[in-house]
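S.K.: Sharing a structure here in structure tokens format.
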Amino acid sequence: MRPNPDQPFLSDIQEIRRRARQHMEKGAVTDGYKANLETVLRVLNEALVTEIVCVLRYKRHQFMARGLNAQSVSDEFAEHAAEEQTHADQIAERITQLGGEPNFSPDGLLTRSHSEYKEGKTLMDMIKEDLVAERIAIESYSEIVRFLGNDDPTSRRLMEEILAKEEEHAEDMVSLLDRVGKQGL
Ligand SMILES: [Fe+2]
Ligand SMILES: [Fe+2]
């Protein structure tokens, strides 16, 4: 394409308009979409199931928290459960935008998830398991962000936002561990 001084960056606007009309059934996915759609949908579904397992684990911990610090810790678990649910919703939304189907099937939930479902007996155990799960999420989401790169900036931005939240969650668990460790169960 010859550089056009009036349009130094965009490809021919007529061509973009034509292509946009051509495959309207594809919704948000245009011919300019650079990523491998099938892989992106698979990776996003893995992130979705990871979030679902995190919701379930935090919910279990919310209701099983016992002991001296139970109420405030339980509240923190509840807050995280709600935020993981929001992440799951955002990822599912993006999957449908891309023309895919979010997998909410309970079949094989744990094998598809990156994070684990560990119940933990004591408050300290629960917090440690949640910290481990957050660290797993941080690592696998960082990898997803790198994989998406500039090929699907919208999905990448979403995963970056979620990643930042998981880092906060990990930080929260570290301070909880410290607090509960000092004050006892
Ligand atoms: Fe999350
Ligand atoms: Fe999290």
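Residues are referred to by chain and number: the chain letter is A, B, ... according to the order shown in the structure tokens, the number counts from 1 in that chain, and ligands are numbered separately from 1 in the order shown.
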Check which residues fall inside 12 Å of ligand 1 when counting only C-alpha atoms and all ligand atoms, and print them as a JSON list (two decimals) with N, CA, C and O atoms, in the first residue's frame.

M.R.:
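selection04.json was written with the following content:
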```
[["chain", "number", "residue", "atom", "x", "y", "z"],
["A", 47, "ALA", "N", -8.85, -19.77, 31.42],
["A", 47, "ALA", "CA", -8.88, -18.71, 32.43],
["A", 47, "ALA", "C", -10.25, -18.69, 33.11],
["A", 47, "ALA", "O", -10.36, -18.52, 34.33],
["A", 48, "LEU", "N", -11.30, -18.91, 32.33],
["A", 48, "LEU", "CA", -12.66, -18.92, 32.90],
["A", 48, "LEU", "C", -12.81, -20.00, 33.96],
["A", 48, "LEU", "O", -13.29, -19.74, 35.07],
["A", 49, "VAL", "N", -12.36, -21.20, 33.65],
["A", 49, "VAL", "CA", -12.52, -22.31, 34.60],
["A", 49, "VAL", "C", -11.62, -22.08, 35.83],
["A", 49, "VAL", "O", -11.99, -22.42, 36.96],
["A", 50, "THR", "N", -10.49, -21.45, 35.62],
["A", 50, "THR", "CA", -9.61, -21.10, 36.75],
["A", 50, "THR", "C", -10.34, -20.16, 37.70],
["A", 50, "THR", "O", -10.32, -20.35, 38.92],
["A", 51, "GLU", "N", -11.06, -19.18, 37.16],
["A", 51, "GLU", "CA", -11.82, -18.25, 37.98],
["A", 51, "GLU", "C", -12.95, -18.97, 38.71],
["A", 51, "GLU", "O", -13.21, -18.69, 39.89],
["A", 52, "ILE", "N", -13.62, -19.88, 38.02],
["A", 52, "ILE", "CA", -14.75, -20.61, 38.65],
["A", 52, "ILE", "C", -14.24, -21.41, 39.86],
["A", 52, "ILE", "O", -14.86, -21.39, 40.93],
["A", 53, "VAL", "N", -13.11, -22.09, 39.68],
["A", 53, "VAL", "CA", -12.55, -22.87, 40.79],
["A", 53, "VAL", "C", -12.16, -21.93, 41.94],
["A", 53, "VAL", "O", -12.35, -22.25, 43.12],
["A", 54, "CYS", "N", -11.66, -20.74, 41.61],
["A", 54, "CYS", "CA", -11.31, -19.77, 42.66],
["A", 54, "CYS", "C", -12.55, -19.30, 43.41],
["A", 54, "CYS", "O", -12.52, -19.14, 44.63],
["A", 55, "VAL", "N", -13.64, -19.08, 42.69],
["A", 55, "VAL", "CA", -14.90, -18.69, 43.36],
["A", 55, "VAL", "C", -15.29, -19.79, 44.35],
["A", 55, "VAL", "O", -15.57, -19.51, 45.52],
["A", 56, "LEU", "N", -15.27, -21.05, 43.89],
["A", 56, "LEU", "CA", -15.70, -22.16, 44.74],
["A", 56, "LEU", "C", -14.82, -22.29, 45.98],
["A", 56, "LEU", "O", -15.31, -22.49, 47.09],
["A", 57, "ARG", "N", -13.51, -22.15, 45.79],
["A", 57, "ARG", "CA", -12.59, -22.29, 46.91],
["A", 57, "ARG", "C", -12.78, -21.17, 47.93],
["A", 57, "ARG", "O", -12.86, -21.39, 49.12],
["A", 58, "TYR", "N", -12.89, -19.93, 47.46],
["A", 58, "TYR", "CA", -13.09, -18.80, 48.38],
["A", 58, "TYR", "C", -14.45, -18.92, 49.09],
["A", 58, "TYR", "O", -14.58, -18.53, 50.25],
["A", 79, "GLU", "N", -15.21, -11.25, 49.76],
["A", 79, "GLU", "CA", -14.92, -10.18, 48.80],
["A", 79, "GLU", "C", -14.15, -10.75, 47.60],
["A", 79, "GLU", "O", -14.47, -10.45, 46.45],
["A", 80, "HIS", "N", -13.18, -11.61, 47.89],
["A", 80, "HIS", "CA", -12.41, -12.21, 46.79],
["A", 80, "HIS", "C", -13.29, -13.10, 45.93],
["A", 80, "HIS", "O", -13.19, -13.08, 44.71],
["A", 81, "ALA", "N", -14.17, -13.87, 46.58],
["A", 81, "ALA", "CA", -15.07, -14.75, 45.81],
["A", 81, "ALA", "C", -15.88, -13.91, 44.82],
["A", 81, "ALA", "O", -16.02, -14.28, 43.65],
["A", 82, "ALA", "N", -16.37, -12.78, 45.29],
["A", 82, "ALA", "CA", -17.19, -11.91, 44.42],
["A", 82, "ALA", "C", -16.35, -11.36, 43.27],
["A", 82, "ALA", "O", -16.82, -11.27, 42.13],
["A", 83, "GLU", "N", -15.11, -11.01, 43.55],
["A", 83, "GLU", "CA", -14.25, -10.46, 42.50],
["A", 83, "GLU", "C", -13.86, -11.54, 41.48],
["A", 83, "GLU", "O", -13.80, -11.26, 40.27],
["A", 84, "GLU", "N", -13.64, -12.75, 41.95],
["A", 84, "GLU", "CA", -13.33, -13.85, 41.00],
["A", 84, "GLU", "C", -14.56, -14.11, 40.11],
["A", 84, "GLU", "O", -14.42, -14.41, 38.93],
["A", 85, "GLN", "N", -15.74, -13.97, 40.70],
["A", 85, "GLN", "CA", -16.98, -14.15, 39.91],
["A", 85, "GLN", "C", -17.07, -13.08, 38.82],
["A", 85, "GLN", "O", -17.44, -13.38, 37.68],
["A", 86, "THR", "N", -16.71, -11.86, 39.18],
["A", 86, "THR", "CA", -16.71, -10.78, 38.17],
["A", 86, "THR", "C", -15.72, -11.11, 37.05],
["A", 86, "THR", "O", -16.04, -10.93, 35.87],
["A", 87, "HIS", "N", -14.55, -11.62, 37.42],
["A", 87, "HIS", "CA", -13.57, -12.00, 36.39],
["A", 87, "HIS", "C", -14.14, -13.06, 35.46],
["A", 87, "HIS", "O", -13.99, -12.98, 34.25],
["A", 88, "ALA", "N", -14.79, -14.07, 36.07],
["A", 88, "ALA", "CA", -15.38, -15.15, 35.27],
["A", 88, "ALA", "C", -16.38, -14.56, 34.27],
["A", 88, "ALA", "O", -16.39, -14.91, 33.08],
["A", 89, "ASP", "N", -17.21, -13.63, 34.75],
["A", 89, "ASP", "CA", -18.22, -13.00, 33.88],
["A", 89, "ASP", "C", -17.57, -12.22, 32.75],
["A", 89, "ASP", "O", -18.00, -12.30, 31.59],
["A", 90, "GLN", "N", -16.52, -11.47, 33.09],
["A", 90, "GLN", "CA", -15.85, -10.66, 32.05],
["A", 90, "GLN", "C", -15.22, -11.55, 30.98],
["A", 90, "GLN", "O", -15.28, -11.23, 29.79],
["A", 91, "ILE", "N", -14.61, -12.65, 31.42],
["A", 91, "ILE", "CA", -13.97, -13.55, 30.46],
["A", 91, "ILE", "C", -15.02, -14.22, 29.58],
["A", 91, "ILE", "O", -14.87, -14.31, 28.36],
["A", 114, "HIS", "N", -6.33, -24.03, 36.03],
["A", 114, "HIS", "CA", -4.92, -23.92, 36.37],
["A", 114, "HIS", "C", -4.74, -23.95, 37.89],
["A", 114, "HIS", "O", -3.79, -24.49, 38.40],
["A", 115, "SER", "N", -5.69, -23.33, 38.59],
["A", 115, "SER", "CA", -5.58, -23.29, 40.05],
["A", 115, "SER", "C", -6.25, -24.53, 40.64],
["A", 115, "SER", "O", -7.00, -25.22, 39.98],
["A", 130, "ASP", "N", -5.06, -20.18, 49.37],
["A", 130, "ASP", "CA", -5.53, -19.09, 48.50],
["A", 130, "ASP", "C", -4.35, -18.31, 47.93],
["A", 130, "ASP", "O", -4.38, -17.90, 46.76],
["A", 133, "ALA", "N", -2.97, -20.36, 45.12],
["A", 133, "ALA", "CA", -3.85, -20.28, 43.95],
["A", 133, "ALA", "C", -3.68, -18.93, 43.24],
["A", 133, "ALA", "O", -3.66, -18.88, 42.00],
["A", 134, "GLU", "N", -3.56, -17.87, 43.99],
["A", 134, "GLU", "CA", -3.36, -16.54, 43.38],
["A", 134, "GLU", "C", -2.04, -16.50, 42.62],
["A", 134, "GLU", "O", -1.95, -15.93, 41.53],
["A", 135, "ARG", "N", -1.02, -17.12, 43.22],
["A", 135, "ARG", "CA", 0.29, -17.12, 42.55],
["A", 135, "ARG", "C", 0.25, -17.92, 41.25],
["A", 135, "ARG", "O", 0.90, -17.57, 40.27],
["A", 136, "ILE", "N", -0.54, -19.00, 41.24],
["A", 136, "ILE", "CA", -0.71, -19.78, 40.01],
["A", 136, "ILE", "C", -1.41, -18.91, 38.95],
["A", 136, "ILE", "O", -0.99, -18.84, 37.80],
["A", 137, "ALA", "N", -2.48, -18.24, 39.38],
["A", 137, "ALA", "CA", -3.23, -17.38, 38.45],
["A", 137, "ALA", "C", -2.32, -16.29, 37.90],
["A", 137, "ALA", "O", -2.32, -16.02, 36.69],
["A", 138, "ILE", "N", -1.51, -15.68, 38.76],
["A", 138, "ILE", "CA", -0.61, -14.60, 38.32],
["A", 138, "ILE", "C", 0.34, -15.11, 37.25],
["A", 138, "ILE", "O", 0.53, -14.48, 36.21],
["A", 140, "SER", "N", 0.00, -17.86, 35.28],
["A", 140, "SER", "CA", -0.59, -18.28, 34.01],
["A", 140, "SER", "C", -1.21, -17.10, 33.26],
["A", 140, "SER", "O", -1.16, -17.04, 32.03],
["A", 141, "TYR", "N", -1.75, -16.09, 33.97],
["A", 141, "TYR", "CA", -2.29, -14.92, 33.28],
["A", 141, "TYR", "C", -1.18, -14.07, 32.65],
["A", 141, "TYR", "O", -1.37, -13.48, 31.59],
["A", 158, "LEU", "N", -8.02, -6.96, 28.94],
["A", 158, "LEU", "CA", -8.87, -7.59, 29.96],
["A", 158, "LEU", "C", -8.03, -8.46, 30.89],
["A", 158, "LEU", "O", -8.15, -8.38, 32.12],
["A", 159, "MET", "N", -7.17, -9.29, 30.29],
["A", 159, "MET", "CA", -6.37, -10.20, 31.11],
["A", 159, "MET", "C", -5.35, -9.42, 31.96],
["A", 159, "MET", "O", -5.02, -9.85, 33.06],
["A", 160, "GLU", "N", -4.90, -8.28, 31.47],
["A", 160, "GLU", "CA", -3.99, -7.44, 32.26],
["A", 160, "GLU", "C", -4.69, -6.87, 33.49],
["A", 160, "GLU", "O", -4.13, -6.84, 34.58],
["A", 161, "GLU", "N", -5.93, -6.42, 33.27],
["A", 161, "GLU", "CA", -6.73, -5.90, 34.39],
["A", 161, "GLU", "C", -6.94, -6.97, 35.45],
["A", 161, "GLU", "O", -6.80, -6.73, 36.64],
["A", 162, "ILE", "N", -7.30, -8.16, 34.98],
["A", 162, "ILE", "CA", -7.56, -9.27, 35.91],
["A", 162, "ILE", "C", -6.26, -9.63, 36.63],
["A", 162, "ILE", "O", -6.25, -9.83, 37.85],
["A", 163, "LEU", "N", -5.17, -9.67, 35.88],
["A", 163, "LEU", "CA", -3.87, -9.99, 36.47],
["A", 163, "LEU", "C", -3.53, -9.02, 37.61],
["A", 163, "LEU", "O", -3.09, -9.43, 38.68],
["A", 164, "ALA", "N", -3.78, -7.74, 37.38],
["A", 164, "ALA", "CA", -3.48, -6.73, 38.42],
["A", 164, "ALA", "C", -4.30, -7.02, 39.68],
["A", 164, "ALA", "O", -3.82, -6.88, 40.80],
["A", 165, "LYS", "N", -5.55, -7.44, 39.47],
["A", 165, "LYS", "CA", -6.41, -7.76, 40.61],
["A", 165, "LYS", "C", -5.89, -8.99, 41.36],
["A", 165, "LYS", "O", -5.91, -9.03, 42.59],
["A", 166, "GLU", "N", -5.40, -9.98, 40.62],
["A", 166, "GLU", "CA", -4.88, -11.20, 41.28],
["A", 166, "GLU", "C", -3.63, -10.85, 42.09],
["A", 166, "GLU", "O", -3.39, -11.43, 43.15],
["A", 167, "GLU", "N", -2.85, -9.88, 41.60],
["A", 167, "GLU", "CA", -1.68, -9.46, 42.36],
["A", 167, "GLU", "C", -2.11, -8.81, 43.68],
["A", 167, "GLU", "O", -1.50, -9.05, 44.73],
["A", 168, "GLU", "N", -3.18, -8.02, 43.62],
["A", 168, "GLU", "CA", -3.73, -7.44, 44.86],
["A", 168, "GLU", "C", -4.20, -8.54, 45.80],
["A", 168, "GLU", "O", -3.97, -8.49, 47.01],
["A", 169, "HIS", "N", -4.88, -9.54, 45.22],
["A", 169, "HIS", "CA", -5.38, -10.65, 46.04],
["A", 169, "HIS", "C", -4.23, -11.36, 46.76],
["A", 169, "HIS", "O", -4.33, -11.68, 47.94],
["A", 170, "ALA", "N", -3.15, -11.60, 46.03],
["A", 170, "ALA", "CA", -1.99, -12.29, 46.63],
["A", 170, "ALA", "C", -1.44, -11.45, 47.78],
["A", 170, "ALA", "O", -1.14, -11.96, 48.86]]
```

S.K.: If I take atom CA of A:Leu37 and atom CA of A:Pro102, how far is one from the other in Å, to one decimal?

M.R.: 13.9 Å

S.K.: Write out as a ChimeraX atom specification all residues of chain A that backbone DSSP assigns to alpha helix (DSSP H).

M.R.: /A:13-22,37-64,70-97,109-112,123-148,153-183

S.K.: When you look at A:Lys182 with a cut-off of 12 Å (counting only C-alpha atoms), what residues show up, excluding the ones that are within fewer than 4 positions of it in the same chain? I need them as a ChimeraX atom specification.

M.R.: /A:68-69,124,175-178

S.K.: Excluding A:Ala20 and any residue of its chain fewer than 6 positions from it, enumerate the residues within 12 Å of it, using only C-alpha atoms, and give them as a CSV table (one decimal) with N, CA, C and O atoms, in the first residue's frame.

M.R.:
```csv
chain,number,residue,atom,x,y,z
A,13,ILE,N,-9.6,3.2,3.8
A,13,ILE,CA,-10.8,3.3,4.6
A,13,ILE,C,-12.0,2.5,3.9
A,13,ILE,O,-12.8,1.9,4.5
A,14,GLN,N,-12.0,2.7,2.5
A,14,GLN,CA,-13.1,2.0,1.8
A,14,GLN,C,-12.9,0.5,1.9
A,14,GLN,O,-13.9,-0.2,2.1
A,26,LYS,N,-19.7,-12.5,12.0
A,26,LYS,CA,-18.6,-12.8,12.9
A,26,LYS,C,-18.5,-11.8,14.0
A,26,LYS,O,-17.5,-11.8,14.8
A,27,GLY,N,-19.4,-10.8,14.1
A,27,GLY,CA,-19.4,-9.9,15.2
A,27,GLY,C,-18.1,-9.1,15.3
A,27,GLY,O,-17.7,-8.3,14.4
A,28,ALA,N,-17.5,-9.2,16.5
A,28,ALA,CA,-16.3,-8.4,16.8
A,28,ALA,C,-15.0,-8.9,16.1
A,28,ALA,O,-14.0,-8.2,16.0
A,29,VAL,N,-15.1,-10.1,15.5
A,29,VAL,CA,-13.9,-10.6,14.8
A,29,VAL,C,-13.9,-10.2,13.3
A,29,VAL,O,-14.7,-10.6,12.5
A,30,THR,N,-13.0,-9.3,13.0
A,30,THR,CA,-12.9,-8.8,11.6
A,30,THR,C,-11.7,-9.4,10.9
A,30,THR,O,-10.9,-10.2,11.6
A,31,ASP,N,-11.5,-9.1,9.7
A,31,ASP,CA,-10.3,-9.7,8.9
A,31,ASP,C,-9.0,-9.2,9.5
A,31,ASP,O,-8.0,-9.7,9.3
A,32,GLY,N,-9.1,-8.0,10.2
A,32,GLY,CA,-7.9,-7.5,10.8
A,32,GLY,C,-7.5,-8.2,12.1
A,32,GLY,O,-6.4,-7.9,12.7
A,33,TYR,N,-8.3,-9.2,12.6
A,33,TYR,CA,-8.0,-9.9,13.8
A,33,TYR,C,-6.8,-10.8,13.6
A,33,TYR,O,-6.8,-11.6,12.7
```

S.K.: What does the distance between atom CA of A:Thr122 and atom CA of A:Asp172 come to in Å, to one decimal place?

M.R.: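 About the pair atom CA of A:Thr122 and atom CA of A:Asp172: they are 17.7 Å apart.
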
S.K.: Show which residues sit within 12 Å of A:Leu41, as a PyMOL selection string. Count only C-alpha atoms, and ignore same-chain residues fewer than 6 positions away.

M.R.: chain A and resi 35+47-48+91-103+144+148+152+155

S.K.: Please save N, CA, C and O atoms of the selected residues as a tab-separated table (two decimals), in the first residue's frame.

M.R.:
```
chain	number	residue	atom	x	y	z
A	35	ALA	N	-4.91	-12.70	15.85
A	35	ALA	CA	-4.57	-13.87	16.66
A	35	ALA	C	-5.17	-15.15	16.07
A	35	ALA	O	-6.03	-15.10	15.20
A	47	ALA	N	-8.85	-19.77	31.42
A	47	ALA	CA	-8.88	-18.71	32.43
A	47	ALA	C	-10.25	-18.69	33.11
A	47	ALA	O	-10.36	-18.52	34.33
A	48	LEU	N	-11.30	-18.91	32.33
A	48	LEU	CA	-12.66	-18.92	32.90
A	48	LEU	C	-12.81	-20.00	33.96
A	48	LEU	O	-13.29	-19.74	35.07
A	91	ILE	N	-14.61	-12.65	31.42
A	91	ILE	CA	-13.97	-13.55	30.46
A	91	ILE	C	-15.02	-14.22	29.58
A	91	ILE	O	-14.87	-14.31	28.36
A	92	ALA	N	-16.12	-14.66	30.21
A	92	ALA	CA	-17.21	-15.30	29.44
A	92	ALA	C	-17.77	-14.34	28.41
A	92	ALA	O	-18.04	-14.71	27.26
A	93	GLU	N	-17.91	-13.09	28.80
A	93	GLU	CA	-18.41	-12.04	27.90
A	93	GLU	C	-17.48	-11.89	26.69
A	93	GLU	O	-17.92	-11.81	25.55
A	94	ARG	N	-16.19	-11.86	26.94
A	94	ARG	CA	-15.22	-11.71	25.87
A	94	ARG	C	-15.25	-12.92	24.93
A	94	ARG	O	-15.13	-12.77	23.71
A	95	ILE	N	-15.42	-14.12	25.50
A	95	ILE	CA	-15.48	-15.33	24.68
A	95	ILE	C	-16.66	-15.23	23.70
A	95	ILE	O	-16.51	-15.53	22.51
A	96	THR	N	-17.81	-14.78	24.19
A	96	THR	CA	-18.96	-14.69	23.29
A	96	THR	C	-18.77	-13.58	22.26
A	96	THR	O	-19.18	-13.72	21.12
A	97	GLN	N	-18.10	-12.49	22.67
A	97	GLN	CA	-17.80	-11.41	21.70
A	97	GLN	C	-16.99	-11.95	20.53
A	97	GLN	O	-17.13	-11.51	19.40
A	98	LEU	N	-16.13	-12.91	20.85
A	98	LEU	CA	-15.26	-13.48	19.81
A	98	LEU	C	-15.95	-14.62	19.06
A	98	LEU	O	-15.32	-15.31	18.27
A	99	GLY	N	-17.23	-14.83	19.35
A	99	GLY	CA	-17.98	-15.86	18.64
A	99	GLY	C	-17.81	-17.24	19.22
A	99	GLY	O	-18.22	-18.24	18.61
A	100	GLY	N	-17.20	-17.35	20.40
A	100	GLY	CA	-17.02	-18.66	21.02
A	100	GLY	C	-18.09	-18.94	22.06
A	100	GLY	O	-19.03	-18.16	22.22
A	101	GLU	N	-17.95	-20.07	22.74
A	101	GLU	CA	-18.91	-20.45	23.77
A	101	GLU	C	-18.17	-20.64	25.10
A	101	GLU	O	-17.24	-21.43	25.17
A	102	PRO	N	-18.62	-19.94	26.14
A	102	PRO	CA	-17.98	-20.13	27.44
A	102	PRO	C	-18.33	-21.50	28.00
A	102	PRO	O	-19.48	-21.91	27.94
A	103	ASN	N	-17.31	-22.21	28.50
A	103	ASN	CA	-17.54	-23.55	29.02
A	103	ASN	C	-17.78	-23.51	30.54
A	103	ASN	O	-16.84	-23.31	31.30
A	144	ILE	N	-0.54	-15.67	29.48
A	144	ILE	CA	-1.61	-15.39	28.51
A	144	ILE	C	-1.45	-13.99	27.93
A	144	ILE	O	-1.61	-13.78	26.73
A	148	LEU	N	-1.00	-13.14	24.00
A	148	LEU	CA	-1.93	-12.31	23.22
A	148	LEU	C	-1.19	-11.15	22.55
A	148	LEU	O	-1.53	-10.77	21.42
A	152	ASP	N	-4.37	-9.55	19.86
A	152	ASP	CA	-5.73	-9.33	20.31
A	152	ASP	C	-5.66	-8.39	21.52
A	152	ASP	O	-5.71	-8.83	22.66
A	155	SER	N	-8.54	-8.54	24.36
A	155	SER	CA	-8.43	-9.66	25.30
A	155	SER	C	-7.22	-9.45	26.20
A	155	SER	O	-7.25	-9.75	27.39
```

S.K.: So, counting only C-alpha atoms and all ligand atoms, which residue among A:Leu44, A:Met64, A:Val180, A:Val132 is closest to ligand 2?

M.R.: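 When distances to ligand 2 are compared using only C-alpha atoms and all ligand atoms, the smallest one comes from A:Val132.
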